[in-house]
$ cat work_29.cif   # mmCIF, C-alpha atoms (C1' of nucleotides)
data_data
loop_
_atom_site.label_atom_id
_atom_site.label_comp_id
_atom_site.auth_asym_id
_atom_site.auth_seq_id
_atom_site.Cartn_x
_atom_site.Cartn_y
_atom_site.Cartn_z
CA MET A 1 166.60 197.02 209.45
CA SER A 2 164.05 197.88 212.11
CA ALA A 3 164.91 199.47 215.43
CA PHE A 4 163.90 196.18 217.05
CA HIS A 5 166.53 194.26 215.15
CA ALA A 6 169.11 196.91 215.78
CA ASP A 7 168.50 196.52 219.51
CA ILE A 8 168.87 192.75 219.35
CA GLY A 9 172.11 193.10 217.46
CA PHE A 10 173.45 195.37 220.13
CA GLU A 11 172.44 193.05 222.89
CA LEU A 12 173.99 189.95 221.38
CA GLY A 13 177.18 191.53 220.23
CA MET A 14 178.09 193.92 222.99
CA THR A 15 176.95 192.23 226.14
CA ASP A 16 180.02 193.15 228.10
CA ILE A 17 180.40 196.70 226.92
CA LEU A 18 179.50 199.58 229.11
CA PRO A 19 176.40 201.58 229.27
CA GLU A 20 174.72 203.52 226.57
CA PRO A 21 172.98 206.60 227.92
CA THR A 22 169.78 205.57 229.69
CA ASP A 23 166.63 207.38 230.64
CA ILE A 24 167.27 207.00 234.33
CA VAL A 25 165.92 210.15 235.89
CA GLY A 26 165.53 209.22 239.52
CA PRO A 27 168.16 208.81 242.21
CA ALA A 28 170.83 206.18 241.76
CA ILE A 29 170.82 203.34 244.24
CA ASP A 30 173.42 203.65 246.97
CA SER A 31 175.37 200.42 246.56
CA GLY A 32 176.99 200.79 249.99
CA GLU A 33 173.77 200.78 251.95
CA LEU A 34 172.21 198.11 249.75
CA VAL A 35 175.19 195.75 250.04
CA ALA A 36 175.43 196.36 253.80
CA TRP A 37 171.76 195.45 254.15
CA PHE A 38 172.32 192.32 252.05
CA GLY A 39 175.10 191.19 254.36
CA ALA A 40 172.72 191.24 257.31
CA ALA A 41 169.37 190.33 255.74
CA GLN A 42 170.04 187.81 252.99
CA ARG A 43 168.45 184.39 253.24
CA PRO A 44 170.92 181.55 253.81
CA LEU A 45 170.12 179.80 250.54
CA PRO A 46 172.07 176.56 250.01
CA TRP A 47 173.34 177.59 246.56
CA ARG A 48 174.93 180.67 248.13
CA GLN A 49 177.10 178.64 250.48
CA PRO A 50 180.86 178.50 249.92
CA GLY A 51 182.04 175.57 247.82
CA VAL A 52 178.98 175.41 245.59
CA SER A 53 180.19 174.85 242.02
CA ALA A 54 179.26 176.82 238.91
CA TRP A 55 177.26 173.84 237.66
CA GLN A 56 175.34 173.63 240.92
CA ILE A 57 174.58 177.35 240.74
CA LEU A 58 173.41 176.86 237.16
CA VAL A 59 171.13 174.05 238.32
CA SER A 60 169.64 176.36 240.95
CA GLU A 61 169.02 179.04 238.32
CA PHE A 62 167.21 176.57 236.05
CA MET A 63 165.02 175.49 238.94
CA LEU A 64 164.35 179.05 240.04
CA GLN A 65 163.00 180.00 236.60
CA GLN A 66 159.32 180.56 237.30
CA THR A 67 159.49 178.76 240.62
CA PRO A 68 159.67 180.05 244.23
CA VAL A 69 162.72 179.38 246.39
CA SER A 70 160.79 177.32 248.93
CA ARG A 71 159.85 174.72 246.36
CA VAL A 72 163.30 174.60 244.79
CA GLU A 73 165.38 174.12 247.92
CA PRO A 74 164.66 170.45 248.75
CA ILE A 75 164.79 169.33 245.12
CA TRP A 76 168.09 171.15 244.55
CA LEU A 77 169.71 169.54 247.60
CA ASP A 78 168.77 166.02 246.48
CA TRP A 79 169.71 166.81 242.90
CA ILE A 80 173.26 168.03 243.46
CA ALA A 81 173.96 165.19 245.89
CA ARG A 82 172.93 162.75 243.18
CA TRP A 83 174.36 164.48 240.11
CA PRO A 84 177.08 166.93 241.26
CA THR A 85 178.58 167.60 237.83
CA PRO A 86 177.44 168.11 234.22
CA SER A 87 178.84 164.71 233.21
CA ALA A 88 177.07 162.95 236.08
CA THR A 89 173.82 164.57 234.99
CA ALA A 90 174.47 163.73 231.35
CA ALA A 91 175.09 160.08 232.25
CA ALA A 92 171.68 159.85 233.87
CA GLY A 93 168.75 159.07 231.63
CA PRO A 94 166.29 161.83 230.76
CA ALA A 95 163.56 159.79 232.45
CA ASP A 96 165.41 159.76 235.78
CA VAL A 97 166.01 163.49 235.42
CA LEU A 98 162.32 164.06 234.77
CA ARG A 99 161.44 162.02 237.87
CA ALA A 100 163.90 163.88 240.07
CA TRP A 101 162.40 167.13 238.81
CA GLY A 102 159.21 165.96 240.48
CA LYS A 103 156.47 168.55 240.55
CA LEU A 104 158.64 171.62 240.18
CA GLY A 105 156.63 172.44 237.10
CA TYR A 106 157.49 173.35 233.51
CA PRO A 107 159.17 169.98 232.91
CA ARG A 108 160.66 171.20 229.66
CA ARG A 109 163.17 172.93 231.96
CA ALA A 110 164.29 169.51 233.23
CA LYS A 111 164.79 168.30 229.70
CA ARG A 112 166.74 171.42 228.79
CA LEU A 113 168.85 171.09 231.93
CA HIS A 114 169.73 167.55 230.89
CA GLU A 115 170.57 168.74 227.36
CA CYS A 116 172.61 171.54 228.88
CA ALA A 117 174.57 168.98 230.94
CA VAL A 118 175.18 166.86 227.84
CA THR A 119 176.45 169.90 225.93
CA ILE A 120 178.76 171.08 228.70
CA ALA A 121 180.14 167.57 229.24
CA ALA A 122 180.70 166.96 225.54
CA GLU A 123 181.73 170.36 224.24
CA HIS A 124 183.09 172.30 227.21
CA ASP A 125 185.19 169.69 228.96
CA ASP A 126 182.64 169.39 231.78
CA VAL A 127 183.23 173.01 232.79
CA VAL A 128 180.41 175.56 232.81
CA PRO A 129 181.39 178.42 230.47
CA ASP A 130 182.14 181.71 232.24
CA ASP A 131 181.30 184.21 229.51
CA VAL A 132 177.81 185.42 228.72
CA ASP A 133 177.90 184.82 224.98
CA THR A 134 178.90 181.17 225.36
CA LEU A 135 176.39 180.61 228.15
CA LEU A 136 173.66 181.98 225.87
CA THR A 137 174.30 179.17 223.38
CA LEU A 138 173.33 176.51 225.95
CA PRO A 139 169.85 174.97 225.92
CA GLY A 140 167.50 176.62 228.42
CA VAL A 141 169.89 179.47 229.16
CA GLY A 142 168.49 182.88 228.31
CA ALA A 143 169.46 186.48 229.04
CA TYR A 144 168.82 186.22 232.75
CA THR A 145 170.38 182.81 233.47
CA ALA A 146 173.50 183.49 231.40
CA ARG A 147 174.27 186.65 233.35
CA ALA A 148 173.29 185.14 236.70
CA VAL A 149 175.81 182.33 236.20
CA ALA A 150 178.53 184.69 234.92
CA CYS A 151 177.98 186.93 237.94
CA PHE A 152 177.16 184.59 240.82
CA ALA A 153 179.34 181.64 239.82
CA TYR A 154 182.28 183.51 238.30
CA GLY A 155 182.13 186.98 239.82
CA LYS A 156 181.87 188.70 236.44
CA ARG A 157 180.72 192.29 236.49
CA VAL A 158 177.64 191.94 234.28
CA PRO A 159 174.12 193.27 234.79
CA VAL A 160 171.72 190.61 236.05
CA VAL A 161 168.10 191.48 235.36
CA ASP A 162 165.19 189.38 236.50
CA THR A 163 161.68 190.43 237.38
CA ASN A 164 162.73 191.41 240.91
CA VAL A 165 165.48 193.69 239.69
CA ARG A 166 163.17 195.19 237.09
CA ARG A 167 160.60 196.01 239.77
CA VAL A 168 163.12 197.52 242.19
CA LEU A 169 164.59 199.65 239.42
CA SER A 170 161.19 200.73 238.23
CA ARG A 171 160.21 201.88 241.69
CA ALA A 172 163.41 203.17 243.26
CA VAL A 173 164.99 204.69 240.15
CA HIS A 174 162.11 205.53 237.84
CA GLY A 175 159.48 206.21 240.51
CA ARG A 176 156.86 204.02 238.83
CA ASP A 177 155.19 200.86 240.00
CA GLU A 178 155.33 199.03 236.73
CA ALA A 179 158.10 197.04 235.22
CA PRO A 180 157.47 195.84 231.70
CA ALA A 181 160.55 194.25 230.20
CA ARG A 182 162.45 196.74 228.09
CA ALA A 183 165.42 196.43 225.81
CA ARG A 184 167.24 199.01 227.92
CA ASP A 185 166.89 197.19 231.23
CA LEU A 186 170.38 195.75 230.89
CA ASP A 187 171.84 199.17 230.21
CA ASP A 188 169.93 200.68 233.11
CA VAL A 189 171.41 198.15 235.50
CA ALA A 190 174.87 198.32 233.93
CA ALA A 191 174.84 202.04 234.59
CA LEU A 192 174.19 201.43 238.29
CA LEU A 193 176.73 198.65 238.72
CA PRO A 194 179.60 199.53 241.06
CA ASP A 195 183.02 199.56 239.39
CA ASP A 196 184.59 196.93 241.59
CA ASP A 197 183.90 193.34 240.46
CA VAL A 198 183.35 191.96 243.93
CA VAL A 199 181.06 194.80 244.98
CA ALA A 200 179.17 194.56 241.69
CA GLN A 201 178.44 190.88 242.32
CA ARG A 202 177.16 191.65 245.82
CA PHE A 203 175.15 194.55 244.44
CA SER A 204 173.38 192.35 241.89
CA ALA A 205 172.59 189.68 244.46
CA ALA A 206 171.37 192.37 246.84
CA LEU A 207 169.12 193.96 244.22
CA MET A 208 167.45 190.62 243.56
CA GLU A 209 167.15 189.87 247.26
CA LEU A 210 165.59 193.27 247.95
CA GLY A 211 162.98 192.60 245.27
CA ALA A 212 162.38 189.11 246.63
CA ILE A 213 161.90 189.89 250.31
CA VAL A 214 161.24 193.65 250.73
CA CYS A 215 160.31 195.39 247.49
CA THR A 216 157.82 192.67 246.63
CA ALA A 217 155.22 192.93 243.90
CA ARG A 218 151.97 193.00 245.81
CA ALA A 219 152.66 194.11 249.37
CA PRO A 220 156.07 195.80 249.54
CA LYS A 221 157.52 196.14 253.04
CA CYS A 222 158.73 199.70 252.62
CA GLY A 223 159.21 199.99 256.38
CA LEU A 224 162.06 197.49 256.11
CA CYS A 225 163.68 199.03 253.05
CA PRO A 226 167.34 199.97 253.45
CA LEU A 227 167.35 202.54 250.64
CA SER A 228 167.64 206.09 251.90
CA SER A 229 166.51 207.35 248.53
CA CYS A 230 163.62 205.90 246.54
CA GLY A 231 161.88 207.57 243.62
CA TRP A 232 158.65 205.71 244.26
CA ARG A 233 158.51 206.83 247.89
CA ALA A 234 159.42 210.39 246.84
CA ALA A 235 156.55 210.37 244.37
CA GLY A 236 154.07 209.20 247.01
CA TYR A 237 153.87 205.53 245.95
CA PRO A 238 151.89 206.14 242.76
CA THR A 239 149.96 203.15 241.43
CA ARG A 240 149.83 202.17 237.82
CA ASP A 241 147.35 204.11 235.72
CA PRO A 242 144.86 201.46 234.58
CA ALA A 243 143.90 203.60 231.58
CA ASP A 244 147.22 203.54 229.76
CA ALA A 245 148.55 200.28 231.18
CA PRO A 246 145.87 197.62 231.54
CA ALA A 247 146.68 194.99 234.13
CA ARG A 248 148.63 192.15 232.64
CA LYS A 249 146.70 189.00 231.97
CA VAL A 250 147.06 186.42 234.67
CA GLN A 251 147.75 183.03 233.28
CA LYS A 252 145.08 180.54 234.27
CA TYR A 253 145.97 177.06 235.41
CA ALA A 254 142.91 175.06 236.45
CA GLY A 255 141.37 173.33 233.48
CA THR A 256 144.12 174.29 231.04
CA ASP A 257 146.30 172.07 228.89
CA ARG A 258 149.10 172.79 231.37
CA GLN A 259 147.20 171.07 234.13
CA VAL A 260 146.39 168.10 231.93
CA ARG A 261 150.05 167.75 230.97
CA GLY A 262 150.90 167.69 234.66
CA ARG A 263 148.39 164.91 235.31
CA LEU A 264 149.70 162.79 232.45
CA LEU A 265 153.29 163.21 233.63
CA ASP A 266 152.21 162.24 237.16
CA VAL A 267 151.07 158.88 235.80
CA LEU A 268 154.29 158.30 233.88
CA ARG A 269 156.57 159.39 236.73
CA ALA A 270 154.83 156.93 239.03
CA SER A 271 155.38 153.96 236.75
CA ALA A 272 158.73 152.25 236.33
CA THR A 273 157.50 150.62 233.15
CA PRO A 274 155.67 151.94 230.07
CA VAL A 275 151.91 152.33 230.51
CA THR A 276 148.96 151.78 228.22
CA ARG A 277 147.04 154.53 226.53
CA GLY A 278 144.14 153.62 228.80
CA ALA A 279 146.20 154.32 231.91
CA LEU A 280 146.81 157.83 230.62
CA ASP A 281 143.22 158.31 229.54
CA VAL A 282 141.86 157.84 233.06
CA ALA A 283 144.07 160.69 234.29
CA TRP A 284 141.78 163.20 232.55
CA LEU A 285 138.27 162.16 231.70
CA SER A 286 136.39 165.44 231.44
CA ASP A 287 137.63 166.52 228.02
CA THR A 288 139.06 163.86 225.75
CA ALA A 289 140.07 166.25 222.99
CA GLN A 290 142.03 168.30 225.49
CA ARG A 291 143.66 165.17 226.90
CA ASP A 292 144.74 164.08 223.41
CA ARG A 293 146.10 167.53 222.71
CA ALA A 294 148.09 167.52 225.95
CA LEU A 295 149.56 164.10 225.25
CA HIS A 296 150.48 165.15 221.74
CA SER A 297 152.26 168.23 223.04
CA LEU A 298 154.24 166.12 225.53
CA LEU A 299 155.34 163.89 222.66
CA VAL A 300 156.31 166.91 220.56
CA ASP A 301 158.25 168.39 223.49
CA GLY A 302 160.18 165.14 223.78
CA LEU A 303 159.07 164.60 227.37
CA VAL A 304 157.12 161.46 226.57
CA GLU A 305 157.71 158.79 223.97
CA GLN A 306 155.85 155.85 222.57
CA THR A 307 157.42 152.40 222.64
CA PRO A 308 157.43 150.18 219.54
CA ASP A 309 154.54 148.18 221.01
CA GLY A 310 152.42 151.31 221.46
CA LEU A 311 152.91 151.98 225.18
CA PHE A 312 153.86 155.35 226.65
CA ALA A 313 156.83 156.23 228.86
CA LEU A 314 158.92 159.14 230.01
CA ALA A 315 161.43 160.12 227.35
CA GLY A 316 164.51 157.92 227.37
CA GLU A 317 162.99 155.44 229.79
CA GLY A 318 163.94 152.40 227.77
CA GLU A 319 167.19 153.68 226.30
CA PRO A 320 170.44 151.99 227.22
CA GLN A 321 172.07 154.75 229.21
CA GLU A 322 175.74 154.86 230.01
CA ALA A 323 174.96 154.61 233.72
CA ARG A 324 173.06 151.38 233.22
CA ALA A 325 175.79 149.99 231.00
CA ASN A 326 178.32 150.74 233.74
CA ARG A 327 176.17 149.06 236.36
CA ARG A 328 175.97 145.90 234.28
CA ARG A 329 179.70 145.56 234.04
"C1'" DA B 330 139.91 182.69 242.75
"C1'" DT B 331 144.33 185.21 242.13
"C1'" DC B 332 149.36 185.68 242.33
"C1'" DC B 333 154.20 184.69 240.91
"C1'" DG B 334 158.07 183.89 237.28
"C1'" DG B 335 162.39 183.02 232.55
"C1'" DG B 336 162.88 180.78 227.97
"C1'" DC B 337 161.32 179.99 223.66
"C1'" DT B 338 158.59 180.15 219.39
"C1'" DA B 339 156.23 182.33 215.85
"C1'" DT C 340 156.08 191.10 221.22
"C1'" DA C 341 152.12 187.78 222.46
"C1'" DG C 342 151.25 183.57 224.16
"C1'" DC C 343 152.54 179.27 225.83
"C1'" DC C 344 154.53 176.38 229.62
"C1'" DC C 345 153.57 174.42 235.85
"C1'" DG C 346 152.12 174.03 240.67
"C1'" DG C 347 152.04 175.72 245.36
"C1'" DA C 348 151.03 179.84 248.23
"C1'" DT C 349 147.86 183.14 249.61
#

$ encode --input "work_29.cif" --output "structure tokens"
Amino acid sequence: MSAFHADIGFELGMTDILPEPTDIVGPAIDSGELVAWFGAAQRPLPWRQPGVSAWQILVSEFMLQQTPVSRVEPIWLDWIARWPTPSATAAAGPADVLRAWGKLGYPRRAKRLHECAVTIAAEHDDVVPDDVDTLLTLPGVGAYTARAVACFAYGKRVPVVDTNVRRVLSRAVHGRDEAPARARDLDDVAALLPDDDVVAQRFSAALMELGAIVCTARAPKCGLCPLSSCGWRAAGYPTRDPADAPARKVQKYAGTDRQVRGRLLDVLRASATPVTRGALDVAWLSDTAQRDRALHSLLVDGLVEQTPDGLFALAGEGEPQEARANRRR
DNA sequence: ATCCGGGCTA
DNA sequence: TAGCCCGGAT
């Protein structure tokens, strides 16, 4: 078995076990000063308010995958008012879910969130699981989201590693301004986690918040940083060596299949009834092969479906959903 | 025009 | 581990 597979085995099987030795060489992060800063500086995000349920926190984490807070906030507020529980979400049709997702982007997330709601309602008694290994079995829940829910919704002392945390650790602890994902990231953070459950939860939230509003990727506000000790500052803010670490490729958007998919979904979201192929075709005229490819991928992803008479609609649009059945009674 | 981000598949 | 998925901000 390769080292790669050995690492995966470790990660899946021992997620709650404590740290292997890491290669942390820089100063540890002072949890006291970080958590104190968090208490004063954190943004008042709606999913951090008291009384927000585990499901509602999970919904926020789905929406925050790849998407900035400012765009998520209004959608999340409407969403949880409309579908406050997994079973309420499951009872909605996938098409309504896709519409409510609006233009948040990556609509496969909306579909997975709906599938996740169906699974939790059907197999977990409408209660979001509280352990990482069970959370990882849910559709759309990966290493980050599983630990974020375990930590922020249930107060579990588990390392939560997103791109913000990775960047803060890379700078403050390792003294480098680069943060490629590594198999040891989880161990690195586990090693820094305060012993107390409650403090550990605050510490993880604070680490993410620091990366989000101070230790930002492009223009870090080091003047506002609460850390008295930072390896990156100590090293003189070194920049990445372009020779051994070429800048990561930036994903294009304009003119890509992704943009075409967005245009096609716009048409379907706007229509309460199935549309003709022609109505979709006019949404992208410049490259017909690309348009066909995009439509095909939406069908494969299960976001769009074709009706028996050859029209196109959002997935599940015509299905008899439980909610509609109830309304008819 | 470039930046930003987690899950999944192959 | 590379490459795909979105759209708004800057």

$ resolve_selection --input "work_29.cif" --expression "the PyMOL selection byres ((chain A) within 10 of (chain B))" --output "list in words"
Glu61, Phe62, Leu64, Gln65, Gln66, Thr67, Pro68, Arg108, Arg109, Pro139, Gly140, Val141, Gly142, Ala143, Tyr144, Thr145, Asp162, Thr163, Asn164, Ala217, Arg218, Val250, Gln251 and Lys252 of chain A

$ resolve_selection --input "work_29.cif" --expression "the PyMOL selection byres ((chain C) within 9 of (chain A))" --output "number ranges by chain"
C: 344-347

$ write_last_selection --input "work_29.cif" --atoms "C-alpha atoms (C1' of nucleotides)" --output "PDB file, in the frame of the given file"
ATOM      1  C1'  DC C 344     154.530 176.380 229.620  1.00  0.00           C
ATOM      2  C1'  DC C 345     153.570 174.420 235.850  1.00  0.00           C
ATOM      3  C1'  DG C 346     152.120 174.030 240.670  1.00  0.00           C
ATOM      4  C1'  DG C 347     152.040 175.720 245.360  1.00  0.00           C
TER       5       DG C 347
END

$ residues_around --input "work_29.cif" --residues "segment 74-88 of chain A" --least-positions-apart "3" --cutoff "7 Å" --atoms "only C-alpha atoms (C1' of nucleotides)" --output "count of residues only"
11

$ atom_distance --input "work_29.cif" --atom1 "atom CA of Phe38 of chain A" --atom2 "atom CA of Pro226 of chain A"
9.2 Å

$ atom_distance --input "work_29.cif" --atom1 "atom CA of Asp266 of chain A" --atom2 "atom CA of Leu58 of chain A"
25.8 Å

$ atom_distance --input "work_29.cif" --atom1 "atom CA of Leu192 of chain A" --atom2 "atom CA of Ala212 of chain A"
19.0 Å

$ residues_around --input "work_29.cif" --residues "DT340 of chain C" --least-positions-apart "6" --cutoff "12 Å" --atoms "all atoms listed in the file" --output "number ranges by chain"
A: 4, 180-183; B: 338-339

$ resolve_selection --input "work_29.cif" --expression "the PyMOL selection byres ((chain A and resi 31-37) around 12)" --output "NGL selection string"
:A and (27-30 or 38-43 or 168 or 189 or 192-196 or 198-211 or 213-214 or 224-229)

$ closest_residue --input "work_29.cif" --among "A:Arg240, A:Arg291, A:Lys156, A:His174" --to "Leu265 of chain A" --atoms "all atoms listed in the file"
A:Arg291
